[in-house]
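**Q** Next up is a structure, given as structure tokens.
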Amino acid sequence: MFITRTLGFIDISKKRYFWKELSDEFGGVFKIKYTVSKDLERLILQIPYKQYMIEFSESDTHPLKIESTLMANRDFEFIISFEDTLEKLLKLFGQQDIEVGDKDFDRKYLIKEKNTNFIGHILSEEGIKTILLKNNVFSFGCNYQKKDNTLLLSSLVSRTINSKDELSELFKLFCMTIDNMKELDLIK
């Protein structure tokens, strides 16, 4: 049986305050958008980090999504996602999975990377694995956009982020990952 991790409909209006606080703390832009009937809302937060922009969005019907579009120096792709029963079975039959040597992390997450060996370096950064585990991040990845030579760093997070500190940790996750990608000369 497939069970979604989005928790269906939830009222996110209580989150407005700490999203606004985080926006003020980091010089971001916070917006609330409503459906035409004004019965559902969507929170949008854009926070600058160095020359990059990190955007958070969550609605009453969709989980927290975080994205940042980065100018690429090369094709680089990875995905870190919850390892479900099907993926565990596929691993038994030879599906590739990168392991990082952290028992709890390797048990919970499936890691795939395309054509490179950079994800190990990125995950070796102190704190990145901890933030992923602690905040129940169910998808974190990077996709190469050939058309405009960019990398889309993105994440989907469980609907359990209910404080400024938790949201700030996810901002830190993106900042540390961007810094590592810059250090590896993956982005401009």
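Chain labels A, B, ... are given in the sequence in which chains occur in the structure tokens; within each chain residues are numbered consecutively from 1, and ligands are likewise numbered from 1 in the order shown.
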Skip Asp106 (chain A) itself and residues of its chain fewer than 5 positions away, then list as JSON, numbers by chain all residues within 12 Å of it, counting only C-alpha atoms.
**A** {"A": [80, 81, 82, 83, 88, 97, 98, 99, 100, 101, 111, 112, 123, 129, 132, 133]}
**Q** Emit the selected residues as a PDB file, in the first residue's frame, including N, CA and C atoms.
**A**
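Dumped to part.pdb:
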ATOM      1  N   ILE A  80      18.732  12.160  -3.160  1.00  0.00           N
ATOM      2  CA  ILE A  80      18.725  11.474  -1.873  1.00  0.00           C
ATOM      3  C   ILE A  80      17.254  11.375  -1.492  1.00  0.00           C
ATOM      4  N   SER A  81      16.765  10.147  -1.308  1.00  0.00           N
ATOM      5  CA  SER A  81      15.342   9.978  -1.010  1.00  0.00           C
ATOM      6  C   SER A  81      15.147   8.841  -0.017  1.00  0.00           C
ATOM      7  N   PHE A  82      13.976   8.861   0.630  1.00  0.00           N
ATOM      8  CA  PHE A  82      13.668   7.759   1.548  1.00  0.00           C
ATOM      9  C   PHE A  82      13.780   6.439   0.811  1.00  0.00           C
ATOM     10  N   GLU A  83      14.339   5.474   1.484  1.00  0.00           N
ATOM     11  CA  GLU A  83      14.466   4.132   0.923  1.00  0.00           C
ATOM     12  C   GLU A  83      13.245   3.325   1.374  1.00  0.00           C
ATOM     13  N   LYS A  88      14.486  -1.329  -1.455  1.00  0.00           N
ATOM     14  CA  LYS A  88      15.302  -2.321  -0.749  1.00  0.00           C
ATOM     15  C   LYS A  88      15.335  -3.628  -1.525  1.00  0.00           C
ATOM     16  N   ASP A  97      23.290   1.892  -5.147  1.00  0.00           N
ATOM     17  CA  ASP A  97      23.012   2.836  -4.074  1.00  0.00           C
ATOM     18  C   ASP A  97      24.352   3.234  -3.487  1.00  0.00           C
ATOM     19  N   ILE A  98      24.549   4.517  -3.329  1.00  0.00           N
ATOM     20  CA  ILE A  98      25.784   5.002  -2.719  1.00  0.00           C
ATOM     21  C   ILE A  98      25.604   4.967  -1.208  1.00  0.00           C
ATOM     22  N   GLU A  99      26.556   4.405  -0.510  1.00  0.00           N
ATOM     23  CA  GLU A  99      26.503   4.378   0.947  1.00  0.00           C
ATOM     24  C   GLU A  99      27.605   5.289   1.468  1.00  0.00           C
ATOM     25  N   VAL A 100      27.309   5.989   2.579  1.00  0.00           N
ATOM     26  CA  VAL A 100      28.241   6.983   3.106  1.00  0.00           C
ATOM     27  C   VAL A 100      28.905   6.554   4.411  1.00  0.00           C
ATOM     28  N   GLY A 101      28.596   5.329   4.874  1.00  0.00           N
ATOM     29  CA  GLY A 101      29.236   4.830   6.081  1.00  0.00           C
ATOM     30  C   GLY A 101      28.573   5.255   7.382  1.00  0.00           C
ATOM     31  N   ILE A 111      20.699   6.858  -2.143  1.00  0.00           N
ATOM     32  CA  ILE A 111      21.471   7.931  -2.775  1.00  0.00           C
ATOM     33  C   ILE A 111      21.871   7.490  -4.166  1.00  0.00           C
ATOM     34  N   LYS A 112      21.551   8.324  -5.141  1.00  0.00           N
ATOM     35  CA  LYS A 112      21.959   8.077  -6.523  1.00  0.00           C
ATOM     36  C   LYS A 112      22.641   9.335  -7.045  1.00  0.00           C
ATOM     37  N   LEU A 123      28.193  15.248   1.263  1.00  0.00           N
ATOM     38  CA  LEU A 123      27.623  14.659   2.478  1.00  0.00           C
ATOM     39  C   LEU A 123      28.627  14.546   3.618  1.00  0.00           C
ATOM     40  N   LYS A 129      24.075  15.589   6.832  1.00  0.00           N
ATOM     41  CA  LYS A 129      23.319  14.352   7.087  1.00  0.00           C
ATOM     42  C   LYS A 129      22.416  14.506   8.306  1.00  0.00           C
ATOM     43  N   LEU A 132      19.277  16.467   7.372  1.00  0.00           N
ATOM     44  CA  LEU A 132      18.371  15.634   6.578  1.00  0.00           C
ATOM     45  C   LEU A 132      17.605  14.658   7.470  1.00  0.00           C
ATOM     46  N   LEU A 133      18.316  13.974   8.366  1.00  0.00           N
ATOM     47  CA  LEU A 133      17.687  12.994   9.248  1.00  0.00           C
ATOM     48  C   LEU A 133      16.739  13.657  10.249  1.00  0.00           C
TER      49      LEU A 133
END
**Q** Please list as a ChimeraX atom specification every residue within 7 Å of region 56-59 of chain A, counting only C-alpha atoms and excluding residues in the same chain fewer than 3 positions away.
**A** /A:12,41-46,62-67
**Q** Write the selection just made, keeping N, CA, C and O atoms, as a short mmCIF file (atom, residue, chain, number, x, y, z; two decimals), in the first residue's frame?
**A**
data_model
loop_
_atom_site.label_atom_id
_atom_site.label_comp_id
_atom_site.auth_asym_id
_atom_site.auth_seq_id
_atom_site.Cartn_x
_atom_site.Cartn_y
_atom_site.Cartn_z
N ILE A 12 -1.96 25.82 7.10
CA ILE A 12 -0.60 26.34 7.32
C ILE A 12 -0.59 27.77 7.84
O ILE A 12 0.47 28.35 8.01
N GLU A 41 -4.28 28.68 1.05
CA GLU A 41 -3.18 29.64 0.93
C GLU A 41 -1.87 28.94 0.66
O GLU A 41 -1.71 27.75 0.93
N ARG A 42 -0.94 29.72 0.13
CA ARG A 42 0.40 29.24 -0.18
C ARG A 42 1.38 30.26 0.37
O ARG A 42 1.26 31.46 0.11
N LEU A 43 2.35 29.79 1.14
CA LEU A 43 3.40 30.65 1.67
C LEU A 43 4.61 30.56 0.76
O LEU A 43 4.99 29.47 0.33
N ILE A 44 5.19 31.71 0.47
CA ILE A 44 6.39 31.77 -0.37
C ILE A 44 7.42 32.65 0.33
O ILE A 44 7.10 33.76 0.76
N LEU A 45 8.63 32.14 0.46
CA LEU A 45 9.71 32.86 1.10
C LEU A 45 10.95 32.76 0.23
O LEU A 45 11.38 31.67 -0.12
N GLN A 46 11.49 33.91 -0.15
CA GLN A 46 12.73 33.95 -0.93
C GLN A 46 13.79 34.61 -0.07
O GLN A 46 13.60 35.73 0.42
N HIS A 62 0.06 21.14 -0.33
CA HIS A 62 1.35 20.64 -0.83
C HIS A 62 2.42 20.79 0.24
O HIS A 62 2.44 21.78 0.97
N PRO A 63 3.36 19.82 0.31
CA PRO A 63 4.41 19.89 1.33
C PRO A 63 5.41 21.00 1.05
O PRO A 63 5.41 21.62 -0.02
N LEU A 64 6.25 21.23 2.02
CA LEU A 64 7.30 22.23 1.90
C LEU A 64 8.25 21.85 0.77
O LEU A 64 8.79 20.74 0.74
N LYS A 65 8.46 22.80 -0.14
CA LYS A 65 9.42 22.61 -1.24
C LYS A 65 10.43 23.75 -1.14
O LYS A 65 10.06 24.90 -0.93
N ILE A 66 11.69 23.39 -1.30
CA ILE A 66 12.77 24.38 -1.26
C ILE A 66 13.55 24.21 -2.55
O ILE A 66 13.88 23.10 -2.95
N GLU A 67 13.85 25.35 -3.21
CA GLU A 67 14.57 25.30 -4.49
C GLU A 67 15.56 26.45 -4.60
O GLU A 67 15.33 27.53 -4.06
#
**Q** Per DSSP on the backbone, filter region 80-174 of chain A down to the residues in strand (DSSP E) and report them as a list in words.
**A**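 Everything in region 80-174 of chain A that counts as strand (DSSP E) is Ile80, Ser81, Phe82, Tyr109, Leu110, Ile111, Lys112, Glu113, Lys114, Val137, Phe138, Ser139, Phe140, Gly141, Cys142, Asn143, Tyr144, Gln145, Thr150, Leu151, Leu152, Leu153, Ser154, Ser155, Leu156 and Val157 of chain A.
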**Q** Quick one: residues within 9 Å of region 163-179 of chain A, only C-alpha atoms, excluding same-chain residues fewer than 5 positions away - as a PyMOL selection string?
**A** chain A and resi 15+17-19+21-22+47+49+52+54+56+66-68+70+122-123+125+127-128+131-132+135+153-154+184+187
**Q** Taking only C-alpha atoms into account, which of A:Ser37, A:Ser23, A:Asn73, A:Thr61 comes nearest Asn149 (chain A)?
**A**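 That would be A:Asn73, the residue with the smallest distance to Asn149 (chain A).
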**Q** Pick out the closest residue to Asn143 (chain A) from this set: A:Val157, A:Met181, A:Leu186, A:Ile79. Count only C-alpha atoms.
**A**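 Smallest distance to Asn143 (chain A) is found for A:Ile79.
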